[in-house]
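Pasted below: protein-v6.pdb, PDB, C-alpha atoms.
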ATOM      1  CA  MET A   1     164.137 165.216 141.735
ATOM      2  CA  PRO A   2     162.981 165.651 145.313
ATOM      3  CA  VAL A   3     162.262 168.989 146.893
ATOM      4  CA  ALA A   4     165.119 170.569 148.837
ATOM      5  CA  LEU A   5     164.416 170.546 152.577
ATOM      6  CA  ASP A   6     165.758 173.520 154.511
ATOM      7  CA  ILE A   7     165.349 171.788 157.869
ATOM      8  CA  LEU A   8     168.935 172.388 158.987
ATOM      9  CA  HIS A   9     168.446 176.135 158.494
ATOM     10  CA  LEU A  10     165.903 176.067 161.334
ATOM     11  CA  PHE A  11     168.634 174.930 163.729
ATOM     12  CA  PRO A  12     171.762 177.121 163.513
ATOM     13  CA  ASP A  13     173.722 174.842 165.869
ATOM     14  CA  LEU A  14     173.146 171.889 163.529
ATOM     15  CA  ALA A  15     173.889 173.943 160.412
ATOM     16  CA  ALA A  16     177.172 175.045 162.008
ATOM     17  CA  ILE A  17     178.339 171.413 162.060
ATOM     18  CA  GLY A  18     178.953 171.681 158.309
ATOM     19  CA  ARG A  19     177.829 169.749 155.249
ATOM     20  CA  SER A  20     180.436 167.006 155.334
ATOM     21  CA  LYS A  21     179.929 166.010 158.965
ATOM     22  CA  VAL A  22     176.114 166.262 158.735
ATOM     23  CA  GLN A  23     176.276 164.050 155.626
ATOM     24  CA  ASP A  24     178.354 161.517 157.581
ATOM     25  CA  TYR A  25     175.741 161.482 160.361
ATOM     26  CA  CYS A  26     172.922 161.086 157.819
ATOM     27  CA  ASN A  27     174.751 158.215 156.090
ATOM     28  CA  ALA A  28     175.147 156.451 159.438
ATOM     29  CA  TRP A  29     171.518 157.103 160.429
ATOM     30  CA  VAL A  30     170.210 155.617 157.161
ATOM     31  CA  GLN A  31     171.822 152.319 158.214
ATOM     32  CA  ARG A  32     169.950 152.247 161.544
ATOM     33  CA  PRO A  33     166.849 150.070 162.071
ATOM     34  CA  ILE A  34     164.522 153.073 162.497
ATOM     35  CA  SER A  35     165.552 154.437 159.108
ATOM     36  CA  ARG A  36     165.130 151.058 157.416
ATOM     37  CA  GLY A  37     161.746 150.708 159.135
ATOM     38  CA  TYR A  38     160.543 153.831 157.335
ATOM     39  CA  ALA A  39     162.207 152.763 154.045
ATOM     40  CA  ILE A  40     164.625 155.702 154.003
ATOM     41  CA  ALA A  41     166.907 154.905 151.068
ATOM     42  CA  GLN A  42     169.119 157.972 151.002
ATOM     43  CA  ILE A  43     169.656 161.420 152.504
ATOM     44  CA  VAL A  44     171.796 163.871 150.565
ATOM     45  CA  VAL A  45     173.005 167.126 152.117
ATOM     46  CA  ASP A  46     174.132 169.682 149.549
ATOM     47  CA  ASP A  47     176.563 172.605 149.866
ATOM     48  CA  GLN A  48     173.716 174.930 150.921
ATOM     49  CA  LEU A  49     172.804 172.485 153.729
ATOM     50  CA  LEU A  50     169.589 171.522 151.982
ATOM     51  CA  MET A  51     168.514 167.918 152.492
ATOM     52  CA  TYR A  52     167.105 165.605 149.830
ATOM     53  CA  ILE A  53     165.399 162.493 151.182
ATOM     54  CA  ARG A  54     164.526 159.432 149.123
ATOM     55  CA  LEU A  55     162.342 156.561 150.221
ATOM     56  CA  GLY A  56     162.695 153.010 148.993
ATOM     57  CA  ALA A  57     160.088 151.803 146.515
ATOM     58  CA  THR A  58     158.471 149.594 149.171
ATOM     59  CA  GLY A  59     158.015 149.738 152.918
ATOM     60  CA  ALA A  60     157.418 153.476 153.365
ATOM     61  CA  THR A  61     154.861 154.572 155.971
ATOM     62  CA  PHE A  62     152.073 156.667 154.466
ATOM     63  CA  ALA A  63     149.163 158.634 155.930
ATOM     64  CA  GLY A  64     146.939 159.164 152.903
ATOM     65  CA  ASP A  65     149.189 160.508 150.160
ATOM     66  CA  ARG A  66     151.814 161.786 152.626
ATOM     67  CA  ALA A  67     154.855 159.783 153.625
ATOM     68  CA  PHE A  68     155.997 159.831 157.224
ATOM     69  CA  PHE A  69     159.636 160.652 157.886
ATOM     70  CA  PRO A  70     160.868 160.749 161.496
ATOM     71  CA  ILE A  71     162.860 163.969 161.098
ATOM     72  CA  ASP A  72     163.079 164.549 164.840
ATOM     73  CA  GLU A  73     164.748 161.127 165.185
ATOM     74  CA  LEU A  74     167.367 162.057 162.578
ATOM     75  CA  LEU A  75     168.012 165.472 164.112
ATOM     76  CA  GLY A  76     168.178 163.925 167.598
ATOM     77  CA  TYR A  77     170.702 161.379 166.331
ATOM     78  CA  ILE A  78     172.885 164.190 164.964
ATOM     79  CA  VAL A  79     172.627 166.085 168.274
ATOM     80  CA  ASP A  80     173.529 162.989 170.318
ATOM     81  CA  ARG A  81     176.539 162.151 168.139
ATOM     82  CA  HIS A  82     177.938 165.634 167.757
ATOM     83  CA  PHE A  83     177.449 167.520 171.012
ATOM     84  CA  ALA A  84     179.374 166.275 174.042
ATOM     85  CA  ASP A  85     177.854 168.715 176.544
ATOM     86  CA  ALA A  86     174.704 167.187 178.112
ATOM     87  CA  ASP A  87     173.081 170.597 178.743
ATOM     88  CA  LYS A  88     173.569 171.566 175.102
ATOM     89  CA  ARG A  89     172.042 168.258 173.974
ATOM     90  CA  ARG A  90     168.986 168.780 176.217
ATOM     91  CA  GLU A  91     168.578 172.341 174.900
ATOM     92  CA  LEU A  92     168.778 171.220 171.268
ATOM     93  CA  HIS A  93     166.377 168.294 171.796
ATOM     94  CA  ALA A  94     163.850 170.707 173.348
ATOM     95  CA  THR A  95     164.262 173.125 170.430
ATOM     96  CA  ILE A  96     163.715 170.308 167.923
ATOM     97  CA  ARG A  97     160.543 169.120 169.737
ATOM     98  CA  ASP A  98     159.178 172.677 169.898
ATOM     99  CA  THR A  99     159.925 173.365 166.236
ATOM    100  CA  ARG A 100     158.397 170.045 165.162
ATOM    101  CA  ARG A 101     155.150 170.942 166.947
ATOM    102  CA  ARG A 102     155.069 174.261 165.074
ATOM    103  CA  TRP A 103     155.653 172.999 161.462
ATOM    104  CA  ALA A 104     152.281 174.246 160.199
ATOM    105  CA  GLU A 105     152.663 177.592 161.972
ATOM    106  CA  LEU A 106     156.092 177.974 160.353
ATOM    107  CA  GLY A 107     154.589 177.199 156.933
ATOM    108  CA  ARG A 108     156.772 174.122 156.467
ATOM    109  CA  HIS A 109     155.550 171.525 153.996
ATOM    110  CA  TYR A 110     158.159 169.006 152.997
ATOM    111  CA  ALA A 111     158.188 166.366 150.268
ATOM    112  CA  LEU A 112     160.069 163.101 149.863
ATOM    113  CA  THR A 113     160.813 161.079 146.769
ATOM    114  CA  VAL A 114     160.004 157.403 146.508
ATOM    115  CA  GLY A 115     162.353 155.406 144.335
ATOM    116  CA  ARG A 116     164.126 152.161 143.742
ATOM    117  CA  ARG A 117     167.661 151.893 145.193
ATOM    118  CA  GLY A 118     170.438 149.890 143.615
ATOM    119  CA  THR A 119     173.753 149.738 141.782
ATOM    120  CA  PHE A 120     174.509 152.145 138.961
ATOM    121  CA  PHE A 121     175.467 150.740 135.563
ATOM    122  CA  ILE A 122     176.703 152.271 132.319
ATOM    123  CA  THR A 123     175.954 150.934 128.858
ATOM    124  CA  CYS A 124     178.863 150.553 126.436
ATOM    125  CA  LYS A 125     178.555 153.265 123.783
ATOM    126  CA  ASN A 126     179.773 150.939 121.034
ATOM    127  CA  PRO A 127     176.540 150.264 119.070
ATOM    128  CA  ASP A 128     177.762 146.744 118.229
ATOM    129  CA  CYS A 129     178.325 145.906 121.906
ATOM    130  CA  ARG A 130     175.937 147.783 124.280
ATOM    131  CA  ALA A 131     177.224 145.704 127.247
ATOM    132  CA  GLU A 132     175.898 146.685 130.678
ATOM    133  CA  LEU A 133     178.871 147.529 132.911
ATOM    134  CA  GLU A 134     178.375 147.532 136.674
ATOM    135  CA  THR A 135     179.944 150.399 138.643
ATOM    136  CA  SER A 136     180.847 150.503 142.321
ATOM    137  CA  HIS A 137     178.326 153.294 142.951
ATOM    138  CA  GLN A 138     174.932 152.960 144.636
ATOM    139  CA  GLY A 139     172.020 155.312 144.173
ATOM    140  CA  VAL A 140     168.298 155.843 143.917
ATOM    141  CA  GLU A 141     166.130 155.945 140.821
ATOM    142  CA  GLY A 142     165.893 159.484 139.471
ATOM    143  CA  GLN A 143     168.996 160.663 141.317
ATOM    144  CA  THR A 144     171.098 163.230 139.494
ATOM    145  CA  VAL A 145     174.776 162.271 139.631
ATOM    146  CA  GLU A 146     177.435 164.918 139.146
ATOM    147  CA  CYS A 147     180.819 163.551 138.111
ATOM    148  CA  PRO A 148     183.553 164.622 135.704
ATOM    149  CA  PRO A 149     183.814 162.941 132.302
ATOM    150  CA  THR A 150     185.849 159.733 132.563
ATOM    151  CA  ASP A 151     187.202 157.449 129.863
ATOM    152  CA  VAL A 152     186.125 153.830 130.353
ATOM    153  CA  THR A 153     187.306 150.845 128.330
ATOM    154  CA  CYS A 154     184.662 148.182 127.853
ATOM    155  CA  PRO A 155     185.960 144.786 129.024
ATOM    156  CA  VAL A 156     183.671 143.057 126.506
ATOM    157  CA  CYS A 157     184.554 144.807 123.221
ATOM    158  CA  GLY A 158     187.663 146.801 124.183
ATOM    159  CA  SER A 159     186.352 150.168 122.928
ATOM    160  CA  THR A 160     186.968 153.292 125.010
ATOM    161  CA  HIS A 161     184.349 156.012 125.424
ATOM    162  CA  THR A 162     183.814 158.997 127.711
ATOM    163  CA  TYR A 163     181.093 158.733 130.372
ATOM    164  CA  ASP A 164     179.731 161.156 132.964
ATOM    165  CA  GLY A 165     176.888 161.199 135.500
ATOM    166  CA  ARG A 166     174.238 161.362 132.767
ATOM    167  CA  ASP A 167     175.336 157.901 131.602
ATOM    168  CA  LEU A 168     174.627 156.193 134.934
ATOM    169  CA  HIS A 169     171.391 154.242 135.376
ATOM    170  CA  LEU A 170     170.075 151.671 137.816
ATOM    171  CA  GLY A 171     170.472 148.082 136.762
TER     172      GLY A 171
END
Can you dump the structure from the file as structure tokens?
Amino acid sequence: MPVALDILHLFPDLAAIGRSKVQDYCNAWVQRPISRGYAIAQIVVDDQLLMYIRLGATGATFAGDRAFFPIDELLGYIVDRHFADADKRRELHATIRDTRRRWAELGRHYALTVGRRGTFFITCKNPDCRAELETSHQGVEGQTVECPPTDVTCPVCGSTHTYDGRDLHLG
């Protein structure tokens, strides 16, 4: 599991946007060419406003053993989408640039996780069947999925079993 990044905590105005809206902005940013260019596969924002960033298995930009992630681009995107007042946007962009220049001074060392992205599957729990059933969910290798137990009937053998997030795996 990747390290939790407390980046949003450095910017109270961004943290005040709230988890759900920040997650929406991150989801949209991951679809942008700059994100794909750095092989960003997923950004998850949790309830404590910690960010988890996963890179795709190929295409990431590395400097030695460190991956490059354009965090100021992501934060700038959030600022530009959320704040209508031009003066507020300029102020926040300046704060982000200043903070980015001071990472080492602030003692910030962040880590990303590299992993394969794809569709989650479940395997039928009937030992005589073991069919691979495709779900509608996407994720990244090693991702922990939290979901309530759900009964699923296998379309191949007709048996019904209970599945939860621990049963999901990439196909």
Env of Cys26 (chain A): 9 Å cut, atoms = all atoms listed in the file, seq-sep filter 3 positions within chain, self excluded. Answer as a compact mmCIF listing (two decimals) with C-alpha atoms, keeping the file's coordinate frame.
# COMPACT_ATOMS: atom_id res chain seq x y z
CA LYS A 21 179.93 166.01 158.96
CA VAL A 22 176.11 166.26 158.74
CA GLN A 23 176.28 164.05 155.63
CA TRP A 29 171.52 157.10 160.43
CA VAL A 30 170.21 155.62 157.16
CA GLN A 31 171.82 152.32 158.21
CA GLN A 42 169.12 157.97 151.00
CA ILE A 43 169.66 161.42 152.50
CA VAL A 44 171.80 163.87 150.56
CA VAL A 45 173.00 167.13 152.12
CA LEU A 74 167.37 162.06 162.58
CA TYR A 77 170.70 161.38 166.33
CA ILE A 78 172.88 164.19 164.96
Exactly which residues make up the result of the PyMOL selection byres ((chain A and resi 7) around 10) on this file, given as a JSON list (two decimals) with C-alpha atoms, keeping the file's coordinate frame?
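File written: expr22.json
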[["chain", "number", "residue", "atom", "x", "y", "z"],
["A", 4, "ALA", "CA", 165.12, 170.57, 148.84],
["A", 5, "LEU", "CA", 164.42, 170.55, 152.58],
["A", 6, "ASP", "CA", 165.76, 173.52, 154.51],
["A", 8, "LEU", "CA", 168.94, 172.39, 158.99],
["A", 9, "HIS", "CA", 168.45, 176.14, 158.49],
["A", 10, "LEU", "CA", 165.90, 176.07, 161.33],
["A", 11, "PHE", "CA", 168.63, 174.93, 163.73],
["A", 14, "LEU", "CA", 173.15, 171.89, 163.53],
["A", 15, "ALA", "CA", 173.89, 173.94, 160.41],
["A", 49, "LEU", "CA", 172.80, 172.48, 153.73],
["A", 50, "LEU", "CA", 169.59, 171.52, 151.98],
["A", 51, "MET", "CA", 168.51, 167.92, 152.49],
["A", 71, "ILE", "CA", 162.86, 163.97, 161.10],
["A", 75, "LEU", "CA", 168.01, 165.47, 164.11],
["A", 108, "ARG", "CA", 156.77, 174.12, 156.47],
["A", 110, "TYR", "CA", 158.16, 169.01, 153.00]]
Quick one: everything within 8 Å of Val145 (chain A), counting all atoms listed in the file, minus sequence neighbours fewer than 2 positions away in the same chain. Send it as an mmCIF file with C-alpha atoms, keeping the file's coordinate frame.
data_model
loop_
_atom_site.group_PDB
_atom_site.id
_atom_site.type_symbol
_atom_site.label_atom_id
_atom_site.label_comp_id
_atom_site.auth_asym_id
_atom_site.auth_seq_id
_atom_site.Cartn_x
_atom_site.Cartn_y
_atom_site.Cartn_z
ATOM 1 C CA GLN A 143 168.996 160.663 141.317
ATOM 2 C CA CYS A 147 180.819 163.551 138.111
ATOM 3 C CA GLY A 165 176.888 161.199 135.500
ATOM 4 C CA ARG A 166 174.238 161.362 132.767
ATOM 5 C CA LEU A 168 174.627 156.193 134.934
#
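Among the candidates A:Gly76, A:Pro149, A:Ala131, A:Asp47, the residue lying nearest to Arg90 (chain A) is A:Gly76 (atoms considered: all atoms listed in the file).
Here the selection is built from all atoms listed in the file, and the residues within 12 Å of (177.8, 146.9, 134.2) turn out to be A:Thr119, A:Phe120, A:Phe121, A:Ile122, A:Thr123, A:Cys124, A:Arg130, A:Ala131, A:Glu132, A:Leu133, A:Glu134, A:Thr135, A:Ser136, A:His137, A:Val152, A:Thr153, A:Cys154, A:Pro155, A:Val156, A:Asp167, A:Leu168, A:His169, A:Leu170, A:Gly171.
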Write a file of the selected residues as a short mmCIF file (atom, residue, chain, number, x, y, z; two decimals), keeping the file's coordinate frame, keeping C-alpha atoms.
data_model
loop_
_atom_site.label_atom_id
_atom_site.label_comp_id
_atom_site.auth_asym_id
_atom_site.auth_seq_id
_atom_site.Cartn_x
_atom_site.Cartn_y
_atom_site.Cartn_z
CA THR A 119 173.75 149.74 141.78
CA PHE A 120 174.51 152.15 138.96
CA PHE A 121 175.47 150.74 135.56
CA ILE A 122 176.70 152.27 132.32
CA THR A 123 175.95 150.93 128.86
CA CYS A 124 178.86 150.55 126.44
CA ARG A 130 175.94 147.78 124.28
CA ALA A 131 177.22 145.70 127.25
CA GLU A 132 175.90 146.68 130.68
CA LEU A 133 178.87 147.53 132.91
CA GLU A 134 178.38 147.53 136.67
CA THR A 135 179.94 150.40 138.64
CA SER A 136 180.85 150.50 142.32
CA HIS A 137 178.33 153.29 142.95
CA VAL A 152 186.12 153.83 130.35
CA THR A 153 187.31 150.84 128.33
CA CYS A 154 184.66 148.18 127.85
CA PRO A 155 185.96 144.79 129.02
CA VAL A 156 183.67 143.06 126.51
CA ASP A 167 175.34 157.90 131.60
CA LEU A 168 174.63 156.19 134.93
CA HIS A 169 171.39 154.24 135.38
CA LEU A 170 170.08 151.67 137.82
CA GLY A 171 170.47 148.08 136.76
#
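Between CA of Ala84 (chain A) and CA of Ala28 (chain A) there is a distance of 18.1 Å.
Going from CA of Arg54 (chain A) over to CA of Arg32 (chain A), you cover 15.3 Å.
You can rank A:Asp13, A:Arg81, A:Gly37, A:Tyr25 by their closest distance to Ile96 (chain A) using all atoms listed in the file, and at the top of that list sits A:Asp13.
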